[in-house]
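Okay, start.tsv is below, TSV, C-alpha atoms:
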```tsv
chain	number	residue	atom	x	y	z
F	1	MET	CA	10.83	-0.29	2.66
F	2	ARG	CA	9.04	-2.17	-0.10
F	3	LEU	CA	6.46	-4.85	-0.72
F	4	THR	CA	7.88	-8.29	-1.41
F	5	ARG	CA	8.09	-9.38	-5.04
F	6	PHE	CA	5.58	-12.05	-4.05
F	7	SER	CA	2.94	-9.40	-3.22
F	8	ASP	CA	3.83	-7.38	-6.32
F	9	TYR	CA	3.38	-10.41	-8.58
F	10	SER	CA	0.19	-11.45	-6.77
F	11	LEU	CA	-1.34	-8.07	-7.55
F	12	ARG	CA	-0.28	-8.35	-11.19
F	13	VAL	CA	-1.83	-11.80	-11.51
F	14	LEU	CA	-5.09	-10.52	-10.02
F	15	ILE	CA	-5.12	-7.52	-12.40
F	16	TYR	CA	-4.51	-9.81	-15.39
F	17	LEU	CA	-7.28	-12.21	-14.41
F	18	GLY	CA	-9.65	-9.36	-13.55
F	19	LEU	CA	-9.22	-8.01	-17.07
F	20	ARG	CA	-10.03	-11.43	-18.56
F	21	GLU	CA	-13.41	-11.42	-16.77
F	22	GLY	CA	-13.66	-15.06	-15.77
F	23	GLN	CA	-11.97	-16.57	-18.85
F	24	LEU	CA	-9.50	-19.39	-18.22
F	25	VAL	CA	-5.93	-18.21	-18.58
F	26	THR	CA	-2.61	-20.08	-18.50
F	27	ILE	CA	0.25	-19.16	-16.21
F	28	ARG	CA	2.43	-18.98	-19.31
F	29	SER	CA	0.25	-16.25	-20.82
F	30	ILE	CA	0.60	-14.16	-17.63
F	31	SER	CA	4.34	-14.81	-17.50
F	32	ASP	CA	4.71	-13.84	-21.18
F	33	ALA	CA	2.54	-10.73	-20.85
F	34	TYR	CA	4.51	-9.29	-17.90
F	35	GLY	CA	7.87	-10.80	-18.87
F	36	ILE	CA	8.31	-12.36	-15.43
F	37	SER	CA	9.50	-15.78	-14.28
F	38	ARG	CA	6.98	-18.60	-14.63
F	39	ASN	CA	8.59	-20.28	-11.64
F	40	HIS	CA	7.76	-17.36	-9.36
F	41	LEU	CA	4.26	-17.16	-10.77
F	42	MET	CA	3.63	-20.85	-10.00
F	43	LYS	CA	4.18	-20.15	-6.29
F	44	VAL	CA	2.02	-17.04	-6.41
F	45	VAL	CA	-0.81	-18.85	-8.19
F	46	SER	CA	-0.54	-21.78	-5.80
F	47	LEU	CA	-1.07	-19.52	-2.76
F	48	LEU	CA	-3.81	-17.45	-4.39
F	49	THR	CA	-5.65	-20.66	-5.34
F	50	ARG	CA	-5.29	-22.08	-1.83
F	51	LEU	CA	-6.70	-18.81	-0.42
F	52	GLU	CA	-9.59	-18.98	-2.91
F	53	TYR	CA	-8.78	-15.84	-4.83
F	54	LEU	CA	-8.40	-18.08	-7.90
F	55	ARG	CA	-9.90	-21.27	-9.18
F	56	ALA	CA	-7.75	-23.68	-11.18
F	57	GLN	CA	-9.02	-26.08	-13.82
F	58	ARG	CA	-6.61	-28.90	-14.63
F	59	GLY	CA	-6.07	-30.76	-17.86
F	60	PRO	CA	-5.93	-29.73	-21.53
F	61	GLY	CA	-7.70	-26.43	-22.12
F	62	GLY	CA	-7.41	-25.77	-18.37
F	63	GLY	CA	-6.09	-22.69	-16.62
F	64	ILE	CA	-6.90	-20.29	-13.83
F	65	ARG	CA	-9.51	-17.61	-13.35
F	66	LEU	CA	-10.71	-15.34	-10.57
F	67	ALA	CA	-12.85	-17.10	-7.97
F	68	ARG	CA	-14.40	-13.86	-6.70
F	69	ASP	CA	-15.82	-10.66	-8.07
F	70	PRO	CA	-13.03	-8.01	-8.38
F	71	ALA	CA	-15.11	-5.68	-6.18
F	72	ASP	CA	-14.89	-8.31	-3.42
F	73	ILE	CA	-11.08	-8.50	-3.48
F	74	ASN	CA	-9.83	-5.95	-0.99
F	75	LEU	CA	-6.26	-4.74	-1.54
F	76	ALA	CA	-5.36	-4.59	2.16
F	77	GLN	CA	-6.42	-8.21	2.49
F	78	VAL	CA	-4.28	-9.18	-0.49
F	79	ILE	CA	-1.27	-7.51	1.17
F	80	ARG	CA	-1.95	-9.24	4.50
F	81	ASP	CA	-2.28	-12.59	2.70
F	82	THR	CA	0.78	-12.29	0.48
F	83	GLU	CA	3.39	-10.48	2.62
F	84	GLU	CA	5.43	-12.93	4.66
F	85	ASP	CA	4.76	-10.69	7.65
F	86	LEU	CA	4.30	-7.03	8.45
F	87	ASN	CA	7.08	-6.92	11.05
F	88	MET	CA	8.26	-3.43	10.15
F	89	VAL	CA	10.94	-3.49	12.86
F	90	GLU	CA	12.51	-6.27	14.90
F	91	CYS	CA	10.31	-5.68	17.97
F	92	PHE	CA	7.13	-6.52	16.00
F	93	SER	CA	8.31	-10.12	15.83
F	94	PRO	CA	7.74	-12.49	18.78
F	95	ASP	CA	11.43	-13.44	18.66
F	96	GLY	CA	12.65	-9.83	18.45
F	97	LYS	CA	15.64	-9.18	20.70
F	98	CYS	CA	15.73	-5.40	21.08
F	99	VAL	CA	16.35	-4.79	24.79
F	100	ILE	CA	14.26	-1.62	25.03
F	101	SER	CA	11.12	-3.10	23.41
F	102	PRO	CA	9.24	-3.48	26.73
F	103	VAL	CA	8.96	0.31	27.02
F	104	CYS	CA	10.00	1.74	23.64
F	105	ARG	CA	7.47	4.05	22.00
F	106	LEU	CA	8.84	3.65	18.50
F	107	GLN	CA	6.77	0.50	18.07
F	108	PHE	CA	3.56	2.46	18.71
F	109	VAL	CA	4.54	5.17	16.22
F	110	ILE	CA	5.37	2.61	13.53
F	111	HIS	CA	2.23	0.59	14.27
F	112	ALA	CA	0.16	3.76	13.79
F	113	ALA	CA	1.97	4.52	10.52
F	114	LEU	CA	1.39	0.96	9.27
F	115	ASP	CA	-2.30	1.23	10.23
F	116	ALA	CA	-2.52	4.43	8.15
F	117	PHE	CA	-0.89	2.62	5.21
F	118	MET	CA	-3.29	-0.31	5.47
F	119	ALA	CA	-6.35	1.94	5.89
F	120	THR	CA	-5.58	3.46	2.48
F	121	MET	CA	-5.18	0.02	0.91
F	122	GLU	CA	-8.38	-1.09	2.68
F	123	SER	CA	-10.38	1.56	0.83
F	124	HIS	CA	-9.61	-0.03	-2.56
F	125	THR	CA	-10.54	-3.26	-4.30
F	126	LEU	CA	-9.21	-5.02	-7.39
F	127	GLU	CA	-12.09	-3.44	-9.32
F	128	ASP	CA	-10.36	-0.02	-8.93
F	129	LEU	CA	-7.27	-1.38	-10.70
F	130	LEU	CA	-9.05	-2.65	-13.83
F	131	HIS	CA	-9.37	0.74	-15.54
F	132	PRO	CA	-8.64	1.93	-18.15
F	133	ALA	CA	-9.32	-1.67	-19.24
F	134	ALA	CA	-8.62	-1.18	-22.94
F	135	ASN	CA	-5.19	0.39	-22.31
F	136	LEU	CA	-4.24	-2.22	-19.72
F	137	SER	CA	-5.32	-5.07	-22.01
F	138	GLY	CA	-3.41	-3.48	-24.88
F	139	LEU	CA	-0.19	-3.26	-22.86
F	140	LEU	CA	-0.65	-6.89	-21.83
F	141	ASN	CA	-1.09	-7.91	-25.48
F	142	MET	CA	-4.56	-9.23	-24.75
F	143	ARG	CA	-5.92	-7.78	-27.99
F	144	GLN	CA	-3.51	-9.99	-29.89
F	145	ASP	CA	-4.84	-12.98	-27.97
F	146	VAL	CA	-8.41	-12.00	-28.81
F	147	SER	CA	-7.65	-11.47	-32.48
F	148	ALA	CA	-5.69	-14.75	-32.63
F	149	ALA	CA	-8.72	-16.50	-31.12
F	150	SER	CA	-11.01	-14.76	-33.61
F	151	GLU	CA	-8.77	-15.80	-36.48
F	152	ARG	CA	-8.87	-19.40	-35.29
F	153	ALA	CA	-12.66	-19.17	-35.02
F	154	LEU	CA	-12.86	-17.90	-38.61
F	155	LYS	CA	-10.89	-20.84	-40.01
N	1	MET	CA	7.06	-5.14	4.17
N	2	ARG	CA	9.57	-3.90	6.68
N	3	LEU	CA	12.08	-1.16	7.34
N	4	THR	CA	15.67	-2.07	6.55
N	5	ARG	CA	17.90	-3.10	9.43
N	6	PHE	CA	19.87	0.03	8.62
N	7	SER	CA	16.88	2.27	9.47
N	8	ASP	CA	16.04	0.20	12.54
N	9	TYR	CA	19.61	0.54	13.88
N	10	SER	CA	19.71	4.24	12.99
N	11	LEU	CA	16.65	4.86	15.14
N	12	ARG	CA	18.20	2.87	18.00
N	13	VAL	CA	21.42	4.88	17.82
N	14	LEU	CA	19.45	8.13	17.90
N	15	ILE	CA	17.40	6.94	20.90
N	16	TYR	CA	20.57	5.93	22.76
N	17	LEU	CA	22.27	9.26	22.10
N	18	GLY	CA	19.11	11.21	22.88
N	19	LEU	CA	18.99	9.56	26.31
N	20	ARG	CA	22.62	10.53	26.93
N	21	GLU	CA	21.75	14.21	26.43
N	22	GLY	CA	24.83	15.38	24.56
N	23	GLN	CA	27.40	13.22	26.39
N	24	LEU	CA	30.07	11.59	24.26
N	25	VAL	CA	29.38	7.90	23.76
N	26	THR	CA	31.42	5.15	22.08
N	27	ILE	CA	30.04	2.92	19.34
N	28	ARG	CA	31.07	-0.03	21.49
N	29	SER	CA	28.80	1.11	24.31
N	30	ILE	CA	25.82	1.28	21.92
N	31	SER	CA	26.71	-2.07	20.40
N	32	ASP	CA	27.02	-3.65	23.87
N	33	ALA	CA	23.79	-2.09	25.14
N	34	TYR	CA	21.65	-3.37	22.26
N	35	GLY	CA	23.68	-6.54	21.62
N	36	ILE	CA	24.08	-5.69	17.93
N	37	SER	CA	27.03	-5.86	15.55
N	38	ARG	CA	29.59	-3.08	15.89
N	39	ASN	CA	30.34	-3.45	12.19
N	40	HIS	CA	26.78	-2.55	11.23
N	41	LEU	CA	26.76	0.31	13.69
N	42	MET	CA	29.93	1.78	12.17
N	43	LYS	CA	28.13	2.20	8.83
N	44	VAL	CA	25.04	3.64	10.51
N	45	VAL	CA	27.09	6.12	12.53
N	46	SER	CA	29.09	7.08	9.47
N	47	LEU	CA	25.94	8.03	7.51
N	48	LEU	CA	24.28	9.76	10.46
N	49	THR	CA	27.44	11.80	11.02
N	50	ARG	CA	27.67	12.72	7.33
N	51	LEU	CA	24.03	13.85	7.44
N	52	GLU	CA	24.76	15.91	10.58
N	53	TYR	CA	22.48	14.02	12.94
N	54	LEU	CA	25.60	13.21	14.95
N	55	ARG	CA	28.89	14.85	15.69
N	56	ALA	CA	31.99	12.70	16.11
N	57	GLN	CA	35.00	13.60	18.26
N	58	ARG	CA	38.11	11.62	17.43
N	59	GLY	CA	40.97	10.51	19.65
N	60	PRO	CA	41.18	9.17	23.20
N	61	GLY	CA	38.12	10.08	25.24
N	62	GLY	CA	36.33	10.75	21.95
N	63	GLY	CA	32.99	9.44	20.78
N	64	ILE	CA	29.74	10.53	19.20
N	65	ARG	CA	26.83	12.64	20.35
N	66	LEU	CA	23.70	14.16	18.86
N	67	ALA	CA	24.32	17.23	16.72
N	68	ARG	CA	20.72	18.46	17.00
N	69	ASP	CA	18.03	18.82	19.59
N	70	PRO	CA	15.88	15.62	19.70
N	71	ALA	CA	12.79	17.77	19.05
N	72	ASP	CA	14.38	18.82	15.75
N	73	ILE	CA	14.92	15.25	14.51
N	74	ASN	CA	11.82	14.31	12.57
N	75	LEU	CA	11.16	10.57	12.26
N	76	ALA	CA	9.90	10.72	8.66
N	77	GLN	CA	13.12	12.49	7.68
N	78	VAL	CA	15.19	9.80	9.41
N	79	ILE	CA	13.33	7.13	7.40
N	80	ARG	CA	13.82	9.02	4.14
N	81	ASP	CA	17.53	9.44	4.93
N	82	THR	CA	18.22	5.88	6.03
N	83	GLU	CA	16.05	3.71	3.74
N	84	GLU	CA	17.88	2.82	0.54
N	85	ASP	CA	14.73	3.88	-1.32
N	86	LEU	CA	10.98	3.87	-0.85
N	87	ASN	CA	10.26	1.96	-4.07
N	88	MET	CA	7.38	-0.04	-2.65
N	89	VAL	CA	6.76	-1.79	-5.98
N	90	GLU	CA	8.86	-2.18	-9.12
N	91	CYS	CA	7.11	0.63	-11.01
N	92	PHE	CA	8.27	3.23	-8.44
N	93	SER	CA	11.82	2.74	-9.68
N	94	PRO	CA	13.05	4.53	-12.82
N	95	ASP	CA	14.30	1.17	-14.16
N	96	GLY	CA	11.08	-0.71	-13.35
N	97	LYS	CA	9.99	-2.98	-16.17
N	98	CYS	CA	6.29	-3.67	-15.49
N	99	VAL	CA	4.58	-3.31	-18.87
N	100	ILE	CA	1.35	-1.85	-17.51
N	101	SER	CA	2.99	0.90	-15.46
N	102	PRO	CA	2.11	3.70	-17.96
N	103	VAL	CA	-1.58	3.35	-17.03
N	104	CYS	CA	-1.74	1.15	-13.92
N	105	ARG	CA	-3.61	2.68	-10.99
N	106	LEU	CA	-1.96	0.45	-8.39
N	107	GLN	CA	0.95	2.88	-8.22
N	108	PHE	CA	-1.37	5.73	-7.19
N	109	VAL	CA	-3.02	3.60	-4.50
N	110	ILE	CA	0.34	2.53	-3.07
N	111	HIS	CA	1.73	6.07	-3.28
N	112	ALA	CA	-1.28	7.30	-1.29
N	113	ALA	CA	-0.77	4.54	1.30
N	114	LEU	CA	2.93	5.38	1.61
N	115	ASP	CA	2.04	9.06	2.02
N	116	ALA	CA	-0.31	8.11	4.87
N	117	PHE	CA	2.51	6.08	6.48
N	118	MET	CA	4.97	8.94	6.20
N	119	ALA	CA	2.44	11.53	7.44
N	120	THR	CA	2.19	9.57	10.70
N	121	MET	CA	5.98	9.38	11.01
N	122	GLU	CA	6.18	13.09	10.16
N	123	SER	CA	4.11	13.97	13.23
N	124	HIS	CA	6.77	12.57	15.59
N	125	THR	CA	10.30	13.56	16.56
N	126	LEU	CA	13.06	11.76	18.41
N	127	GLU	CA	11.94	13.64	21.53
N	128	ASP	CA	8.76	11.49	21.58
N	129	LEU	CA	10.87	8.33	21.80
N	130	LEU	CA	12.93	9.35	24.84
N	131	HIS	CA	10.27	8.57	27.44
N	132	PRO	CA	10.04	6.91	29.89
N	133	ALA	CA	13.72	7.92	30.09
N	134	ALA	CA	14.52	6.11	33.35
N	135	ASN	CA	13.13	2.77	32.09
N	136	LEU	CA	14.84	3.08	28.72
N	137	SER	CA	18.17	3.97	30.35
N	138	GLY	CA	17.76	1.07	32.75
N	139	LEU	CA	17.19	-1.44	29.97
N	140	LEU	CA	20.23	-0.05	28.15
N	141	ASN	CA	22.34	-0.47	31.30
N	142	MET	CA	23.09	3.23	31.37
N	143	ARG	CA	22.74	3.30	35.12
N	144	GLN	CA	25.68	0.91	35.39
N	145	ASP	CA	27.72	3.25	33.19
N	146	VAL	CA	26.80	6.17	35.37
N	147	SER	CA	27.60	4.37	38.60
N	148	ALA	CA	30.88	3.09	37.12
N	149	ALA	CA	31.76	6.65	36.23
N	150	SER	CA	30.77	7.83	39.72
N	151	GLU	CA	32.90	5.10	41.27
N	152	ARG	CA	35.86	6.14	39.18
N	153	ALA	CA	35.25	9.75	40.18
N	154	LEU	CA	35.25	8.77	43.87
N	155	LYS	CA	38.63	7.03	43.65
```
Will you turn the file into C-alpha cells for me?
Amino acid sequence: MRLTRFSDYSLRVLIYLGLREGQLVTIRSISDAYGISRNHLMKVVSLLTRLEYLRAQRGPGGGIRLARDPADINLAQVIRDTEEDLNMVECFSPDGKCVISPVCRLQFVIHAALDAFMATMESHTLEDLLHPAANLSGLLNMRQDVSAASERALK
Amino acid sequence: MRLTRFSDYSLRVLIYLGLREGQLVTIRSISDAYGISRNHLMKVVSLLTRLEYLRAQRGPGGGIRLARDPADINLAQVIRDTEEDLNMVECFSPDGKCVISPVCRLQFVIHAALDAFMATMESHTLEDLLHPAANLSGLLNMRQDVSAASERALK
C-alpha cells in the first residue's frame, strides 16, 4: 500500500512552490533540487495547473507559482486529485469482478479505514508542510539560488 | 493508493476457509469459486501457511484449512503480513532519496494517517467478515459442493 509517485511528486512540487512564496520557478529548478525526472514533473505540473493549484507564465523569464494560499490547499484534496483512484480493493471499482462483493463486509471495513486515513489528511494544509522553512530551503539549495540572484544584482 | 492484489487474494482465501469451518479445501476450489488465477493463489497459500494462518495436508484427499479461530485473525495483522511494505511515500523506505526528508513534516502527517487506517483494520477480525454466511457461501457456490458431496454420500 503506497501513494503513487504522481501524488508524491505533486506534494513535493507544492512544498517547493510554497517555500518560494509566489516567486516564479522553473520546472528544471524543482527537478534539480529534488533530483527527480523532469519528464515526470511536466505531467505533474500540467495536472496541478489544470486544477488551478498552480499558475504558469509562458515565455522567457516565465515559470510556475502557487495559484492559492498554502493554507487553502488541503492535503486530502491533493490526494483525491492526484491519485488515479482510491480503489483499495477490486470491489471498489465499478468493473470489479469479485463474486462475493454484493454481500461482503470487507469493503465496509476498508472504506472505514480509508475514511480514517483521509480524515487525518483532511486536517492538514500545505501551510503545515512549509516549516521549518529555512531548513527545507537549505536542503533544496534555495539559499544558493538566492545568493546567486543577489550576486547578479550586485554586478 | 490500493492494497496489493496479494493482500486482496489473501483476505479472500481466509474468508473462503473461514466459511468452510475447518474443512479441508483445495486451492482449485478457491480459484474456481472466485474465478482467479490458481498460480497467484499458490503463492498466497504458501505465505499464509508459512505464517501459520493455514495448515496444509498433503496427498490425496488433502487440502488446506484455517489453523486459527477466525476471531483470532486480526485484519491489520493480515495487511502487515501480506503487503510487501507500507512505505506510503519514498521517505518511509530506508533507501529513500528525497532530499528534504530529514526535516519534512509530510512524513509525520502520512504516518498519522496510516496509523488511523490501521487502527480501523485492527478493530476487526476475520470473524466479522463471515456474515451473512449463507449468502457468502451461496455466491461462492459452496452449496453446490455440499450437495455434490451429499449426492456422493447417498450413492
Point out the residue among F:Asp72, F:Asp95, F:Glu122, F:Asp81 with the least atom-to-atom distance to F:Leu51, counting only C-alpha atoms.
->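 Using only C-alpha atoms, the shortest distance to F:Leu51 belongs to F:Asp81.
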Once chain F is fitted onto chain N by least squares over all its in-order Cα atoms, send the moved chain as a compact mmCIF listing (two decimals) with C-alpha atoms, in the coordinates of the input.
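The new file out24.txt reads:
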```txt
# COMPACT_ATOMS: atom_id res chain seq x y z
CA MET F 1 7.06 -5.16 4.17
CA ARG F 2 9.57 -3.91 6.71
CA LEU F 3 12.08 -1.16 7.35
CA THR F 4 15.66 -2.07 6.53
CA ARG F 5 17.89 -3.09 9.43
CA PHE F 6 19.87 0.04 8.60
CA SER F 7 16.88 2.28 9.46
CA ASP F 8 16.06 0.19 12.54
CA TYR F 9 19.62 0.53 13.87
CA SER F 10 19.73 4.24 12.97
CA LEU F 11 16.68 4.84 15.13
CA ARG F 12 18.22 2.87 17.99
CA VAL F 13 21.44 4.87 17.81
CA LEU F 14 19.47 8.13 17.89
CA ILE F 15 17.42 6.94 20.89
CA TYR F 16 20.60 5.94 22.75
CA LEU F 17 22.31 9.26 22.08
CA GLY F 18 19.14 11.21 22.88
CA LEU F 19 19.05 9.57 26.30
CA ARG F 20 22.69 10.54 26.94
CA GLU F 21 21.81 14.22 26.43
CA GLY F 22 24.89 15.40 24.58
CA GLN F 23 27.46 13.22 26.38
CA LEU F 24 30.12 11.58 24.21
CA VAL F 25 29.43 7.91 23.71
CA THR F 26 31.45 5.14 22.03
CA ILE F 27 30.08 2.93 19.29
CA ARG F 28 31.10 -0.03 21.43
CA SER F 29 28.84 1.09 24.28
CA ILE F 30 25.86 1.28 21.87
CA SER F 31 26.75 -2.08 20.36
CA ASP F 32 27.06 -3.65 23.83
CA ALA F 33 23.84 -2.08 25.12
CA TYR F 34 21.69 -3.36 22.23
CA GLY F 35 23.72 -6.53 21.58
CA ILE F 36 24.10 -5.69 17.89
CA SER F 37 27.05 -5.86 15.50
CA ARG F 38 29.60 -3.07 15.84
CA ASN F 39 30.35 -3.44 12.14
CA HIS F 40 26.79 -2.54 11.18
CA LEU F 41 26.76 0.32 13.65
CA MET F 42 29.93 1.80 12.11
CA LYS F 43 28.11 2.20 8.78
CA VAL F 44 25.04 3.64 10.47
CA VAL F 45 27.08 6.13 12.49
CA SER F 46 29.08 7.08 9.41
CA LEU F 47 25.92 8.03 7.48
CA LEU F 48 24.27 9.77 10.43
CA THR F 49 27.45 11.82 10.98
CA ARG F 50 27.67 12.73 7.29
CA LEU F 51 24.01 13.86 7.40
CA GLU F 52 24.74 15.91 10.54
CA TYR F 53 22.48 14.04 12.90
CA LEU F 54 25.62 13.22 14.91
CA ARG F 55 28.91 14.85 15.65
CA ALA F 56 32.01 12.70 16.07
CA GLN F 57 35.03 13.59 18.19
CA ARG F 58 38.15 11.61 17.34
CA GLY F 59 41.00 10.53 19.55
CA PRO F 60 41.24 9.17 23.11
CA GLY F 61 38.17 10.07 25.15
CA GLY F 62 36.35 10.74 21.86
CA GLY F 63 33.00 9.43 20.72
CA ILE F 64 29.76 10.54 19.15
CA ARG F 65 26.86 12.64 20.32
CA LEU F 66 23.71 14.14 18.85
CA ALA F 67 24.34 17.21 16.70
CA ARG F 68 20.74 18.44 16.97
CA ASP F 69 18.06 18.81 19.58
CA PRO F 70 15.90 15.61 19.70
CA ALA F 71 12.81 17.76 19.05
CA ASP F 72 14.41 18.81 15.74
CA ILE F 73 14.93 15.24 14.50
CA ASN F 74 11.82 14.30 12.57
CA LEU F 75 11.17 10.57 12.25
CA ALA F 76 9.89 10.73 8.66
CA GLN F 77 13.11 12.49 7.68
CA VAL F 78 15.17 9.81 9.40
CA ILE F 79 13.31 7.13 7.40
CA ARG F 80 13.80 9.03 4.13
CA ASP F 81 17.51 9.44 4.91
CA THR F 82 18.21 5.88 6.00
CA GLU F 83 16.03 3.70 3.74
CA GLU F 84 17.85 2.80 0.54
CA ASP F 85 14.71 3.86 -1.31
CA LEU F 86 10.96 3.85 -0.84
CA ASN F 87 10.25 1.95 -4.06
CA MET F 88 7.35 -0.05 -2.65
CA VAL F 89 6.75 -1.80 -5.98
CA GLU F 90 8.84 -2.20 -9.12
CA CYS F 91 7.10 0.63 -11.01
CA PHE F 92 8.26 3.22 -8.43
CA SER F 93 11.81 2.72 -9.68
CA PRO F 94 13.03 4.52 -12.83
CA ASP F 95 14.28 1.19 -14.19
CA GLY F 96 11.05 -0.68 -13.37
CA LYS F 97 9.96 -2.98 -16.19
CA CYS F 98 6.28 -3.65 -15.50
CA VAL F 99 4.55 -3.30 -18.87
CA ILE F 100 1.31 -1.84 -17.51
CA SER F 101 2.97 0.93 -15.45
CA PRO F 102 2.08 3.71 -17.94
CA VAL F 103 -1.61 3.36 -17.04
CA CYS F 104 -1.76 1.17 -13.92
CA ARG F 105 -3.62 2.67 -10.97
CA LEU F 106 -1.98 0.46 -8.37
CA GLN F 107 0.95 2.87 -8.20
CA PHE F 108 -1.38 5.71 -7.18
CA VAL F 109 -3.04 3.59 -4.48
CA ILE F 110 0.32 2.52 -3.05
CA HIS F 111 1.71 6.06 -3.27
CA ALA F 112 -1.29 7.29 -1.26
CA ALA F 113 -0.79 4.53 1.31
CA LEU F 114 2.92 5.37 1.62
CA ASP F 115 2.04 9.07 2.03
CA ALA F 116 -0.31 8.10 4.89
CA PHE F 117 2.49 6.07 6.50
CA MET F 118 4.96 8.94 6.21
CA ALA F 119 2.45 11.53 7.47
CA THR F 120 2.19 9.56 10.72
CA MET F 121 5.98 9.37 11.04
CA GLU F 122 6.17 13.09 10.16
CA SER F 123 4.11 13.97 13.23
CA HIS F 124 6.78 12.57 15.59
CA THR F 125 10.31 13.55 16.55
CA LEU F 126 13.08 11.74 18.41
CA GLU F 127 11.98 13.62 21.53
CA ASP F 128 8.78 11.48 21.59
CA LEU F 129 10.90 8.32 21.80
CA LEU F 130 12.97 9.35 24.84
CA HIS F 131 10.30 8.55 27.45
CA PRO F 132 10.09 6.91 29.90
CA ALA F 133 13.78 7.89 30.09
CA ALA F 134 14.59 6.10 33.34
CA ASN F 135 13.19 2.76 32.10
CA LEU F 136 14.89 3.08 28.71
CA SER F 137 18.23 3.97 30.32
CA GLY F 138 17.83 1.07 32.74
CA LEU F 139 17.23 -1.44 29.94
CA LEU F 140 20.28 -0.05 28.13
CA ASN F 141 22.39 -0.48 31.28
CA MET F 142 23.10 3.24 31.37
CA ARG F 143 22.67 3.34 35.15
CA GLN F 144 25.58 0.94 35.45
CA ASP F 145 27.66 3.28 33.31
CA VAL F 146 26.70 6.22 35.50
CA SER F 147 27.47 4.38 38.72
CA ALA F 148 30.77 3.08 37.29
CA ALA F 149 31.67 6.68 36.41
CA SER F 150 30.65 7.82 39.90
CA GLU F 151 32.75 5.09 41.47
CA ARG F 152 35.74 6.18 39.41
CA ALA F 153 35.12 9.78 40.46
CA LEU F 154 35.08 8.73 44.12
CA LYS F 155 38.47 7.01 43.91
```
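For the residues F:Glu21, F:Asp32, F:Asp69, F:Asp85, ranking by smallest atom-to-atom distance to chain N using all atoms listed in the file places F:Asp85 first.
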Show me, as a compact mmCIF listing (two decimals) with C-alpha atoms, in the frame of the given file, every residue of chain F with an atom at most 9 Å from chain N, counting all atoms listed in the file.
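What ended up in selection-v7.txt:
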```
# COMPACT_ATOMS: atom_id res chain seq x y z
CA MET F 1 10.83 -0.29 2.66
CA ARG F 2 9.04 -2.17 -0.10
CA LEU F 3 6.46 -4.85 -0.72
CA THR F 4 7.88 -8.29 -1.41
CA ARG F 5 8.09 -9.38 -5.04
CA SER F 7 2.94 -9.40 -3.22
CA ASP F 8 3.83 -7.38 -6.32
CA LEU F 11 -1.34 -8.07 -7.55
CA ALA F 33 2.54 -10.73 -20.85
CA TYR F 34 4.51 -9.29 -17.90
CA GLY F 35 7.87 -10.80 -18.87
CA ILE F 36 8.31 -12.36 -15.43
CA GLU F 83 3.39 -10.48 2.62
CA GLU F 84 5.43 -12.93 4.66
CA ASP F 85 4.76 -10.69 7.65
CA LEU F 86 4.30 -7.03 8.45
CA ASN F 87 7.08 -6.92 11.05
CA MET F 88 8.26 -3.43 10.15
CA VAL F 89 10.94 -3.49 12.86
CA GLU F 90 12.51 -6.27 14.90
CA LYS F 97 15.64 -9.18 20.70
CA CYS F 98 15.73 -5.40 21.08
CA VAL F 99 16.35 -4.79 24.79
CA ILE F 100 14.26 -1.62 25.03
CA SER F 101 11.12 -3.10 23.41
CA PRO F 102 9.24 -3.48 26.73
CA VAL F 103 8.96 0.31 27.02
CA CYS F 104 10.00 1.74 23.64
CA ARG F 105 7.47 4.05 22.00
CA LEU F 106 8.84 3.65 18.50
CA VAL F 109 4.54 5.17 16.22
CA ILE F 110 5.37 2.61 13.53
CA ALA F 112 0.16 3.76 13.79
CA ALA F 113 1.97 4.52 10.52
CA LEU F 114 1.39 0.96 9.27
CA ASP F 115 -2.30 1.23 10.23
CA ALA F 116 -2.52 4.43 8.15
CA PHE F 117 -0.89 2.62 5.21
CA MET F 118 -3.29 -0.31 5.47
CA ALA F 119 -6.35 1.94 5.89
CA THR F 120 -5.58 3.46 2.48
CA MET F 121 -5.18 0.02 0.91
CA HIS F 124 -9.61 -0.03 -2.56
CA ASP F 128 -10.36 -0.02 -8.93
CA LEU F 129 -7.27 -1.38 -10.70
CA LEU F 130 -9.05 -2.65 -13.83
CA HIS F 131 -9.37 0.74 -15.54
CA PRO F 132 -8.64 1.93 -18.15
CA ASN F 135 -5.19 0.39 -22.31
CA LEU F 136 -4.24 -2.22 -19.72
CA SER F 137 -5.32 -5.07 -22.01
CA GLY F 138 -3.41 -3.48 -24.88
CA LEU F 139 -0.19 -3.26 -22.86
CA LEU F 140 -0.65 -6.89 -21.83
```
At most 12 Å from (3.9, -17.4, -8.4), file frame, only C-alpha atoms: which residues, as number ranges by chain?
-> F: 5-14, 27-28, 30-31, 36-49, 82
Separation of atom CA of N:Gly61 and atom CA of N:Gly18, in Å?
->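 That distance, rounded to one decimal, is 19.2 Å.
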